[in-house]
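Asks: Quick one: the structure is below, questions incoming.
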Protein chains: 2
Amino acid sequence: MTQTTTDVDTLAINTIRFLAVDMVERAKSGHPGAPMGQAALGYLLFTRHLRHDPTDPGWPDRDRFVLSCGHASALLYTLLHLSGYDLPMEELQRFRQLGSRTAGHPESHLTPGVETTTGPLGQGLGNAVGMAIAQRMAAATFNVDDYPVVDHRIWALASDGDLMEGVASEACSLAGHHRLGRLNVFYDDNRISIDGPTSLTFTEDVGRRFEAYGWQVLRVADGNDLAALDEATRMAAAEEGRPTLVVVRTHIGYGSPGKQDTAAAHGAPLGPEEVAATRRALGWPEEAFHVPEETREVFAAARQRGRRTHTEWRELFERYAAEHPGPAADFRARLEGRLPDGWEAGLPRFSPDDGPLATRKASGAVIAGIAPRLPWLAGGSADLAGSNNTYQKGAGDFSPGNPGAPNIHFGVREHAMGAVLNGMALTRMQIPYGGTFLIFSDYMRPSVRLAALMGLPVLYIFTHDSIFLGEDGPTHQPVSQLMGLRAIPNLTVIRPGDANETVEGWRLALANRTGPTALVLTRQKLPILAETAARAATGVPRGGYVLADAEGGEPEALLIATGSEVPLALAAREKLAGEGVPVRVVSLPCWEVFGAQNREYRDSVLPPGVRKRLAVEAGSPLGWERWVGDAGDVLGVERFGASAPYQDLATEYGFTVDNVVRRLRALLG
Amino acid sequence: MTQTTTDVDTLAINTIRFLAVDMVERAKSGHPGAPMGQAALGYLLFTRHLRHDPTDPGWPDRDRFVLSCGHASALLYTLLHLSGYDLPMEELQRFRQLGSRTAGHPESHLTPGVETTTGPLGQGLGNAVGMAIAQRMAAATFNVDDYPVVDHRIWALASDGDLMEGVASEACSLAGHHRLGRLNVFYDDNRISIDGPTSLTFTEDVGRRFEAYGWQVLRVADGNDLAALDEATRMAAAEEGRPTLVVVRTHIGYGSPGKQDTAAAHGAPLGPEEVAATRRALGWPEEAFHVPEETREVFAAARQRGRRTHTEWRELFERYAAEHPGPAADFRARLEGRLPDGWEAGLPRFSPDDGPLATRKASGAVIAGIAPRLPWLAGGSADLAGSNNTYQKGAGDFSPGNPGAPNIHFGVREHAMGAVLNGMALTRMQIPYGGTFLIFSDYMRPSVRLAALMGLPVLYIFTHDSIFLGEDGPTHQPVSQLMGLRAIPNLTVIRPGDANETVEGWRLALANRTGPTALVLTRQKLPILAETAARAATGVPRGGYVLADAEGGEPEALLIATGSEVPLALAAREKLAGEGVPVRVVSLPCWEVFGAQNREYRDSVLPPGVRKRLAVEAGSPLGWERWVGDAGDVLGVERFGASAPYQDLATEYGFTVDNVVRRLRALLG
């Protein structure tokens with residue numbers, strides 16, 4: 001280490017190393033190598049650069065530190081513990097155990113000070129880009145002269161694995177485009193991946209690639225050189241005009257005589273003998289979980305500085321609130337997740353005379369109606385804004401020159417969009433939404449799942465939701481996607497049957513503050529139904545409801561439908577009624593919400609005594625047995641689609657009134 | 001255009017433009033702008049550079065042309081038609097209609113001359129990288145002095161949307177690493193995306209980025225300059241040491257007075273007035289689908305040259321076959337999809353005494369056993385080779401210095417892996433496989449779906465298949481993935497219950513030549529069962545079977561399980577038998593195959609009279625109702641997992657013998 005590294009620094013850095021090593025040893029699993037190599041950088045950031053107050057991890061203007069390489073969780077937990085976050089030593093000692101706050105990979109909903117849930121590689125970088133977008137947007141919204149109430153930075157630490165992932169490429173290209181100067185990323189260039197040296201497969205010039213994205217690229221030749229790291233960190237912070245990547249040459253398993261610079265240090269405990277050898281090599285006591293008093297002191301001093309900075313900010317915000325009470329109240333409401341009073345007055349109302357209308361267009365009308373009353377609503381589309389109807393007209397495009405504008409052009413980068421939305425939602429400064437075709441939800445599925453795991457209120461606008469997108473053909477026609485999304489825990493999936501159900505779906509989505517919601521919308525026009533005008537407002541919030549009961553109220557059979565198949569079910573009911581067969585139509589736009597209703601309500605909609613049930617949905621039938629039961633049947637799509645006008649596909653795939661009637665009659669025998 | 005463009009060239013290029021325009025007009029949907037801008041490049045490649053024989057699109061040593069921007073399908077269909085592929089004018093006129101061979105986006109299983117199915121952006125580039133890997137591997141395997149029987153190139157055309165997608169970044173980084181000199185990509189730099197100018201969101205320096213990947217980067221300032229395009233194409237072909245990106249400045253909607261260089265030319269017909277104006281601007285006759293005789297002639301001449309080249313190759317191959325009959329027979333067998341005789345002799349056999357063994361380890365033993373007899377088996381892992389047990393020990397790593405080795409290090413690039421596997425499978429020169437954790441199947445899901453759509457025999461080795469991967473926690477624990485994969489049409493999903501079922505699963509997978517297969521395998525050890533030793537060989541090929549019948553053969557209830565829950569079900573059956581409750585255990589490793597059995601067989605396994613059924617599977621319960629029915633129940637995972645040793649998770653999530661017994665007894669009342 002260089003001359004500027006004091007003994008206290010060395011002690012503190014080795015404290016971090018060995019706490020991480022000891023955690024992994026005790027857990028008998030985990031990743032010791034990365035923390036050992038990154039300890040100096042982590043120490044530097046947490047004690048000298050990060051603007052944070054460990055006693056209040058919710059401080060809204062704190063810097064964010066994102067550990068994109070989540071497998072290095074022992075580094076983060078160690079830093080949080082030493083910094084004074086509510087993560088006592090007992091938690092470090094319960095690393096990776098049931099019920100601990102020190103999960104194998106960092107989980108933001110579990111551990112104070114963990115800013116986002118990472119582990120699936122590349123996601124954290126995308127989240128960091130989202131946080132930097134959110135920071136800039138919020139700064140443009142709230143900051144006024146002399147009151148820089150939003151003034152923080154985003155720091156991220158990424159591994160070679162993060163940088164190999166496509167989601168990171170997408171996100172970092174977007175960050176460069178937007179010149180997100182508040183974003184600074186350290187690349188832990190240890191040249192070792194799980195399978196061996198990165199030279200096996202990853203020989204691109206990472207720095208040059210990031211320069212091509214428009215980033216400042218700095219290099220630190222020795223990841224233990226605190227002075228060089230400090231200088232690079234200062235340069236990163238000083239560059240406001242573009243994001244910075246600092247390529248830091250580190251050594252995985254630093255200090256381990258037998259495993260440093262090998263893949264063996266990556267994903268398994270060093271083992272007692274190697275731990276002992278490493279202790280000897282670095283002059284560390286044998287006692288496990290040893291923390292020298294000097295280490296405690298240096299982190300305590302940093303904590304004091306952090307509290308002071310936080311106090312200053314709080315005083316600043318109080319003066320701001322006195323002079324600018326409206327924005328200050330808005331700021332607080334966002335943090336608390338309270339929607340502004342009266343936002344719902346902006347919701348459009350539809351009557352059958354307004355139709356036919358695609359539900360994606362109805363959704364666009366919702367956005368147009370509520371956005372002026374709900375300025376936190378920010379988002380966009382992956383280059384399909386016109387098709388997804390996600391654009392807030394007249395509100396401007398988010399860009400370096402217009403940082404407060406809510407419309408984000410994500411480009412053809414669905415996966416980054418998903419990760420960016422997560423980062424934005426984590427700040428609570430916006431209600432973020434993103435649109436693409438339903439088929440391309442597959443491209444962003446890892447981010448959708450993480451939103452669900454973290455419980456983030458992200459909105460997805462997935463349009464062109466079935467084979468009925470028509471001519472673009474099977475490459476663009478979703479079959480498995482709808483059911484694939486329903487399989488994700490804590491994701492609410494809503495497929496409205498017309499414009500009225502779309503309005504209620506939006507209401508449901510915005511009320512859901514504990515998880516993401518996917519609105520699944522048609523390309524094609526649908527009639528606006530008198531039945532939904534009458535009943536969607538009470539029915540959709542319960543997930544499913546009786547849209548049109550059988551004549552006389554005693555159904556012989558049920559037709560259960562969602563989305564564009566709802567009007568088809570109604571038409572079939574009409575025809576069957578004419579033939580003397582009384583059939584009830586149930587609209588089931590949201591399985592998750594319906595499934596959470598009490599049995600009494602569910603049975604009132606789907607009476608157990610009515611066992612002849614036909615589900616109609618233009619997607620994979622897998623899973624529909626839950627609602628139709630043993631005596632029921634499903635009219636779904638069991639193969640890939642085809643390129644043709646959608647009316648021809650309706651005939652080809654059996655989504656016609658005649659076929660629905662035929663299938664239901666077959667059930668009735 | 002430059003002086004080297006002759007009148008014939010201009011005529012031919014405009015023929016392509018207007019055929020594409022007319023196709024879109026007649027279909028009333030589609031993308032005219034890209035073909036209009038790319039017409040000169042397409043013309044140049046198809047008439048002067050592509051080594052192909054339109055009368056035999058299956059020629060194994062043909063050059064591959066991949067239209068990664070599949071929305072420009074009208075360009076490709078036009079070129080195929082004019083070149084003399086079996087795609088008559090009537091098909092062009094039925095663009096995007098039901099049953100035509102001219103789908104909205106190119107489909108390789110539908111249209112002769114279409115090399116891969118594209119449209120979802122970035123995929124085609126990944127396929128092209130896979131084709132280039134396959135080419136190099138096959139060349140190393142088959143070529144001998146004087147007999148370069150594998151000597152073709154891969155050409156791809158990509159749009160800004162392709163290059164924004166992460167999958168393309170991953171694939172192109174991999175291509176640079178492997179110095180795939182036979183891969184040449186043209187970037188259609190028209191600076192227009194759907195939402196408007198690319199300056200809205202895509203301002204990175206693409207050329208510099210590809211240089212960072214290790215590619216040769218060339219630039220053509222005018223996409224209508226045939227001489228410059230020709231020169232760049234020659235330079236691309238001449239560079240054997242690295243892949244080439246040619247950045248071609250084109251104009252979307254070239255020639256349209258009102259729509260050139262605007263997003264309006266991208267995804268909708270020009271409209272009759274604008275078409276007329278464009279005809280006037282380019283001096284084109286009013287007649288729709290006009291093809292001048294000169295255009296026919298120039299393509300006919302190219303076709304003659306192609307046939308001659310093909311004939312020469314055929315003669316070369318005949319001499320090769322005479323001198324090297326073994327390799328020639330192998331070459332032919334690969335093309336025909338015939339596995340070598342006796343390959344199954346390499347399959348391992350397991351007995352209970354060999355256990356316990358994780359199914360991922362059993363799969364590794366299968367690979368080790370069959371690879372020497374099945375040299376086409378090539379693949380690897382996304383940086384988890386040791387964990388996925390996908391590595392062919394002693395066979396070497398595919399690299400520029402060892403081009404015939406079968407082990408590919410994909411890096412942490414799951415999505416590129418999926419797209420590359422598709423490209424490899426399309427050549428039929430290898431049986432490609434790829435491994436990662438099941439959770440990361442989400443990262444590659446778009447490619448998996450396309451493999452299913454194309455009907456490609458790709459194998460996926462998805463290990464760490466449930467919450468029972470343990471300490472890594474919920475970020476890494478699949479819940480929705482297994483069912484999400486089952487929802488994809490034409491994907492076969494196999495989750496074996498022990499080593500014996502794993503062997504049979506592999507046999508089933510290799511027998512499936514018309515679609516991809518996913519093997520879903522445990523991290524944790526499982527006992528090797530006497531029951532599977534006796535019955536897996538006949539049972540697994542039927543998808544599901546009676547693993548252990550109730551004492552006396554009259555079950556009161558069924559326990560249906562897959563994977564690691566099979567031994568749990570057996571233990572519960574044992575306990576229930578001791579308590580006087582006769583229960584049958586059904587192992588259901590493959591839903592798709594079981595569902596395809598006749599009713600008699602299915603009913604023999606799941607007797608309709610036995611309605612008390614408990615399914616046990618550590619994944620989303622969604623969909624299990626299909627097998628358990630109204631009177632059944634599912635023990636699944638309905639929330640995200642947790643970080644803990646897997647034994648603790650078994651207790652926490654109820655996967656214990658006691659809980660299975662309790663749940664079954666609750667069913668029995």
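Letters A, B, ... mark the chains of the structure tokens in the order given; residue numbers begin at 1 per chain; ligand numbers begin at 1, in order shown.
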So which residues touch Leu75 (chain B) within 9 Å, counting only C-alpha atoms, skipping near sequence neighbours fewer than 6 positions away, as a list of chain:residue names?
Replies: B:Ile16, B:Arg17, B:Leu19, B:Ala20, B:Pro32, B:Ala34, B:Pro35, B:Met36, B:Gln38, B:Ala39, B:Gly42
Asks: Can you spit out the residues from that selection as a PDB file, in the first residue's frame, using N, CA and C atoms?
Replies:
ATOM      1  N   ILE B  16     -36.196  -4.008 -56.269  1.00  0.00           N
ATOM      2  CA  ILE B  16     -36.287  -4.478 -54.877  1.00  0.00           C
ATOM      3  C   ILE B  16     -37.090  -3.492 -54.042  1.00  0.00           C
ATOM      4  N   ARG B  17     -36.751  -2.219 -54.190  1.00  0.00           N
ATOM      5  CA  ARG B  17     -37.464  -1.196 -53.412  1.00  0.00           C
ATOM      6  C   ARG B  17     -38.969  -1.272 -53.647  1.00  0.00           C
ATOM      7  N   LEU B  19     -40.839  -3.648 -55.119  1.00  0.00           N
ATOM      8  CA  LEU B  19     -41.515  -4.892 -54.712  1.00  0.00           C
ATOM      9  C   LEU B  19     -41.836  -4.834 -53.216  1.00  0.00           C
ATOM     10  N   ALA B  20     -40.867  -4.378 -52.438  1.00  0.00           N
ATOM     11  CA  ALA B  20     -41.097  -4.281 -50.986  1.00  0.00           C
ATOM     12  C   ALA B  20     -42.225  -3.301 -50.692  1.00  0.00           C
ATOM     13  N   PRO B  32     -41.947  -0.690 -44.919  1.00  0.00           N
ATOM     14  CA  PRO B  32     -41.328  -0.411 -46.215  1.00  0.00           C
ATOM     15  C   PRO B  32     -39.992   0.328 -46.125  1.00  0.00           C
ATOM     16  N   ALA B  34     -37.162   0.345 -44.228  1.00  0.00           N
ATOM     17  CA  ALA B  34     -35.856  -0.308 -44.151  1.00  0.00           C
ATOM     18  C   ALA B  34     -35.472  -0.943 -45.491  1.00  0.00           C
ATOM     19  N   PRO B  35     -36.344  -1.733 -46.118  1.00  0.00           N
ATOM     20  CA  PRO B  35     -35.967  -2.301 -47.425  1.00  0.00           C
ATOM     21  C   PRO B  35     -35.594  -1.232 -48.455  1.00  0.00           C
ATOM     22  N   MET B  36     -36.278  -0.105 -48.439  1.00  0.00           N
ATOM     23  CA  MET B  36     -35.965   0.938 -49.406  1.00  0.00           C
ATOM     24  C   MET B  36     -34.544   1.468 -49.203  1.00  0.00           C
ATOM     25  N   GLN B  38     -32.101  -0.302 -47.668  1.00  0.00           N
ATOM     26  CA  GLN B  38     -31.120  -1.393 -47.701  1.00  0.00           C
ATOM     27  C   GLN B  38     -31.044  -2.077 -49.061  1.00  0.00           C
ATOM     28  N   ALA B  39     -31.828  -1.620 -50.017  1.00  0.00           N
ATOM     29  CA  ALA B  39     -31.966  -2.346 -51.281  1.00  0.00           C
ATOM     30  C   ALA B  39     -30.630  -2.533 -51.993  1.00  0.00           C
ATOM     31  N   GLY B  42     -28.546  -5.180 -50.218  1.00  0.00           N
ATOM     32  CA  GLY B  42     -29.121  -6.506 -50.438  1.00  0.00           C
ATOM     33  C   GLY B  42     -28.827  -7.015 -51.839  1.00  0.00           C
TER      34      GLY B  42
END
Asks: Residues of chain A within 6 Å of chain B, counting only C-alpha atoms, what are they? List them as a PyMOL selection string.
Replies: chain A and resi 96-98+103-104+161+164-167+169-170+177+194-195+201+203-205+208-209+212-213+383+409+411-413+442+446+471-473+480+484+487-489+622-623+625-626+629-630+639+643-644
Asks: Could you give me, as an NGL selection string, the residues within 8 Å of Arg523 (chain A), counting only C-alpha atoms and dropping anything in the same chain fewer than 4 positions from it?
Replies: :A and (358-360 or 463-465 or 468-469)
Asks: Could you write out that same residue set with all heavy atoms as an mmCIF file, in the first residue's frame?
Replies:
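Below is the file part23.cif, written as the result:
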data_model
loop_
_atom_site.group_PDB
_atom_site.id
_atom_site.type_symbol
_atom_site.label_atom_id
_atom_site.label_comp_id
_atom_site.auth_asym_id
_atom_site.auth_seq_id
_atom_site.Cartn_x
_atom_site.Cartn_y
_atom_site.Cartn_z
ATOM 1 N N ALA A 358 -59.315 0.232 -28.591
ATOM 2 C CA ALA A 358 -58.326 -0.711 -28.060
ATOM 3 C C ALA A 358 -58.046 -0.367 -26.604
ATOM 4 O O ALA A 358 -58.032 0.811 -26.234
ATOM 5 C CB ALA A 358 -57.034 -0.639 -28.875
ATOM 6 N N THR A 359 -57.799 -1.381 -25.794
ATOM 7 C CA THR A 359 -57.531 -1.070 -24.379
ATOM 8 C C THR A 359 -56.206 -0.318 -24.230
ATOM 9 O O THR A 359 -56.034 0.438 -23.286
ATOM 10 C CB THR A 359 -57.557 -2.335 -23.493
ATOM 11 O OG1 THR A 359 -56.688 -3.328 -24.039
ATOM 12 C CG2 THR A 359 -58.971 -2.902 -23.424
ATOM 13 N N ARG A 360 -55.267 -0.512 -25.162
ATOM 14 C CA ARG A 360 -54.038 0.307 -25.089
ATOM 15 C C ARG A 360 -54.366 1.778 -25.278
ATOM 16 O O ARG A 360 -53.725 2.649 -24.678
ATOM 17 C CB ARG A 360 -53.011 -0.166 -26.117
ATOM 18 C CG ARG A 360 -53.432 0.042 -27.555
ATOM 19 C CD ARG A 360 -52.413 -0.519 -28.551
ATOM 20 N NE ARG A 360 -52.977 -0.579 -29.881
ATOM 21 C CZ ARG A 360 -52.486 0.067 -30.940
ATOM 22 N NH1 ARG A 360 -51.406 0.811 -30.834
ATOM 23 N NH2 ARG A 360 -53.065 -0.037 -32.112
ATOM 24 N N THR A 463 -48.667 -4.092 -24.162
ATOM 25 C CA THR A 463 -49.723 -4.052 -25.176
ATOM 26 C C THR A 463 -49.503 -5.132 -26.237
ATOM 27 O O THR A 463 -48.537 -5.865 -26.196
ATOM 28 C CB THR A 463 -49.775 -2.668 -25.858
ATOM 29 O OG1 THR A 463 -48.638 -2.532 -26.712
ATOM 30 C CG2 THR A 463 -49.794 -1.543 -24.837
ATOM 31 N N HIS A 464 -50.446 -5.203 -27.194
ATOM 32 C CA HIS A 464 -50.356 -6.197 -28.273
ATOM 33 C C HIS A 464 -50.294 -7.580 -27.636
ATOM 34 O O HIS A 464 -49.346 -8.328 -27.803
ATOM 35 C CB HIS A 464 -49.151 -5.895 -29.168
ATOM 36 C CG HIS A 464 -49.264 -4.592 -29.905
ATOM 37 N ND1 HIS A 464 -49.369 -3.385 -29.262
ATOM 38 C CD2 HIS A 464 -49.290 -4.302 -31.236
ATOM 39 C CE1 HIS A 464 -49.461 -2.410 -30.149
ATOM 40 N NE2 HIS A 464 -49.427 -2.930 -31.359
ATOM 41 N N ASP A 465 -51.354 -7.889 -26.878
ATOM 42 C CA ASP A 465 -51.290 -8.890 -25.824
ATOM 43 C C ASP A 465 -51.673 -10.300 -26.235
ATOM 44 O O ASP A 465 -51.827 -11.143 -25.350
ATOM 45 C CB ASP A 465 -52.160 -8.435 -24.660
ATOM 46 C CG ASP A 465 -53.655 -8.503 -24.990
ATOM 47 O OD1 ASP A 465 -54.001 -8.637 -26.181
ATOM 48 O OD2 ASP A 465 -54.463 -8.441 -24.049
ATOM 49 N N PHE A 468 -53.772 -11.813 -31.506
ATOM 50 C CA PHE A 468 -54.578 -10.854 -32.262
ATOM 51 C C PHE A 468 -53.840 -9.555 -32.571
ATOM 52 O O PHE A 468 -54.449 -8.611 -33.067
ATOM 53 C CB PHE A 468 -55.902 -10.591 -31.548
ATOM 54 C CG PHE A 468 -56.744 -11.820 -31.444
ATOM 55 C CD1 PHE A 468 -57.270 -12.254 -30.240
ATOM 56 C CD2 PHE A 468 -56.975 -12.605 -32.576
ATOM 57 C CE1 PHE A 468 -58.022 -13.411 -30.156
ATOM 58 C CE2 PHE A 468 -57.726 -13.772 -32.503
ATOM 59 C CZ PHE A 468 -58.255 -14.177 -31.293
ATOM 60 N N LEU A 469 -52.537 -9.526 -32.299
ATOM 61 C CA LEU A 469 -51.784 -8.409 -32.873
ATOM 62 C C LEU A 469 -51.664 -8.580 -34.379
ATOM 63 O O LEU A 469 -51.355 -7.646 -35.096
ATOM 64 C CB LEU A 469 -50.423 -8.232 -32.194
ATOM 65 C CG LEU A 469 -49.331 -9.275 -32.397
ATOM 66 C CD1 LEU A 469 -48.587 -9.067 -33.703
ATOM 67 C CD2 LEU A 469 -48.303 -9.146 -31.270
#
Asks: Neighbouring residues of Arg314 (chain A) were defined as those with any atom within 10 Å, considering only C-alpha atoms; residues of the same chain fewer than 6 positions away were excluded. Please report them as a list in words.
Replies: Trp59, Asp61, Val149, Arg308 and Tyr320 of chain A
Asks: Would you kindly return, as number ranges by chain, each protein, DNA or RNA residue with an atom no farther than 8 Å from any atom of Leu558 (chain A), considering only C-alpha atoms and excluding same-chain residues fewer than 2 positions away?
Replies: A: 555-556, 560, 583-586, 606, 610-614
Asks: If you keep N, CA, C and O atoms, can you produce a file of those selected residues as a PDB file, in the first residue's frame?
Replies:
ATOM      1  N   PRO A 555     -77.634 -19.947 -13.823  1.00  0.00           N
ATOM      2  CA  PRO A 555     -76.844 -20.380 -14.985  1.00  0.00           C
ATOM      3  C   PRO A 555     -76.691 -21.895 -15.067  1.00  0.00           C
ATOM      4  O   PRO A 555     -76.506 -22.562 -14.049  1.00  0.00           O
ATOM      5  N   GLU A 556     -76.779 -22.383 -16.287  1.00  0.00           N
ATOM      6  CA  GLU A 556     -76.431 -23.787 -16.521  1.00  0.00           C
ATOM      7  C   GLU A 556     -74.925 -23.948 -16.678  1.00  0.00           C
ATOM      8  O   GLU A 556     -74.379 -25.025 -16.475  1.00  0.00           O
ATOM      9  N   ILE A 560     -65.984 -17.882 -18.664  1.00  0.00           N
ATOM     10  CA  ILE A 560     -65.041 -17.049 -17.920  1.00  0.00           C
ATOM     11  C   ILE A 560     -64.026 -16.510 -18.927  1.00  0.00           C
ATOM     12  O   ILE A 560     -63.424 -17.284 -19.678  1.00  0.00           O
ATOM     13  N   VAL A 583     -76.552 -18.802 -19.526  1.00  0.00           N
ATOM     14  CA  VAL A 583     -75.116 -18.837 -19.238  1.00  0.00           C
ATOM     15  C   VAL A 583     -74.710 -17.527 -18.578  1.00  0.00           C
ATOM     16  O   VAL A 583     -75.165 -16.455 -18.967  1.00  0.00           O
ATOM     17  N   ARG A 584     -73.878 -17.630 -17.577  1.00  0.00           N
ATOM     18  CA  ARG A 584     -73.314 -16.456 -16.913  1.00  0.00           C
ATOM     19  C   ARG A 584     -71.929 -16.152 -17.490  1.00  0.00           C
ATOM     20  O   ARG A 584     -71.135 -17.059 -17.693  1.00  0.00           O
ATOM     21  N   VAL A 585     -71.655 -14.883 -17.711  1.00  0.00           N
ATOM     22  CA  VAL A 585     -70.307 -14.473 -18.127  1.00  0.00           C
ATOM     23  C   VAL A 585     -69.591 -13.831 -16.946  1.00  0.00           C
ATOM     24  O   VAL A 585     -70.093 -12.875 -16.340  1.00  0.00           O
ATOM     25  N   VAL A 586     -68.443 -14.398 -16.637  1.00  0.00           N
ATOM     26  CA  VAL A 586     -67.597 -13.853 -15.575  1.00  0.00           C
ATOM     27  C   VAL A 586     -66.375 -13.209 -16.221  1.00  0.00           C
ATOM     28  O   VAL A 586     -65.704 -13.830 -17.052  1.00  0.00           O
ATOM     29  N   LEU A 606     -68.257 -17.681  -8.950  1.00  0.00           N
ATOM     30  CA  LEU A 606     -68.103 -18.999  -9.589  1.00  0.00           C
ATOM     31  C   LEU A 606     -68.802 -20.024  -8.693  1.00  0.00           C
ATOM     32  O   LEU A 606     -68.158 -20.697  -7.888  1.00  0.00           O
ATOM     33  N   VAL A 610     -72.201 -24.910 -10.231  1.00  0.00           N
ATOM     34  CA  VAL A 610     -72.197 -24.786 -11.693  1.00  0.00           C
ATOM     35  C   VAL A 610     -70.837 -25.256 -12.200  1.00  0.00           C
ATOM     36  O   VAL A 610     -69.863 -24.510 -12.214  1.00  0.00           O
ATOM     37  N   ARG A 611     -70.777 -26.493 -12.589  1.00  0.00           N
ATOM     38  CA  ARG A 611     -69.482 -27.101 -12.894  1.00  0.00           C
ATOM     39  C   ARG A 611     -69.142 -27.066 -14.378  1.00  0.00           C
ATOM     40  O   ARG A 611     -68.005 -27.308 -14.758  1.00  0.00           O
ATOM     41  N   LYS A 612     -70.113 -26.773 -15.210  1.00  0.00           N
ATOM     42  CA  LYS A 612     -69.816 -26.659 -16.643  1.00  0.00           C
ATOM     43  C   LYS A 612     -69.294 -25.254 -16.892  1.00  0.00           C
ATOM     44  O   LYS A 612     -70.046 -24.273 -16.827  1.00  0.00           O
ATOM     45  N   ARG A 613     -68.022 -25.157 -17.136  1.00  0.00           N
ATOM     46  CA  ARG A 613     -67.386 -23.851 -17.236  1.00  0.00           C
ATOM     47  C   ARG A 613     -66.418 -23.851 -18.416  1.00  0.00           C
ATOM     48  O   ARG A 613     -65.609 -24.757 -18.549  1.00  0.00           O
ATOM     49  N   LEU A 614     -66.518 -22.838 -19.214  1.00  0.00           N
ATOM     50  CA  LEU A 614     -65.572 -22.697 -20.323  1.00  0.00           C
ATOM     51  C   LEU A 614     -64.802 -21.391 -20.150  1.00  0.00           C
ATOM     52  O   LEU A 614     -65.399 -20.317 -20.051  1.00  0.00           O
TER      53      LEU A 614
END
Asks: If you run DSSP on the backbone here, which positions in region 202-267 of chain B get helix (DSSP H, G or I)? Please write them as a list in words.
Replies: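 Filtering region 202-267 of chain B down to helix (DSSP H, G or I) leaves Val206, Gly207, Arg208, Arg209, Phe210, Glu211, Ala212, Tyr213, Leu226, Ala227, Ala228, Leu229, Asp230, Glu231, Ala232, Thr233, Arg234, Met235, Ala236, Ala237, Ala238, Ala263, Ala264 and Ala265 of chain B.
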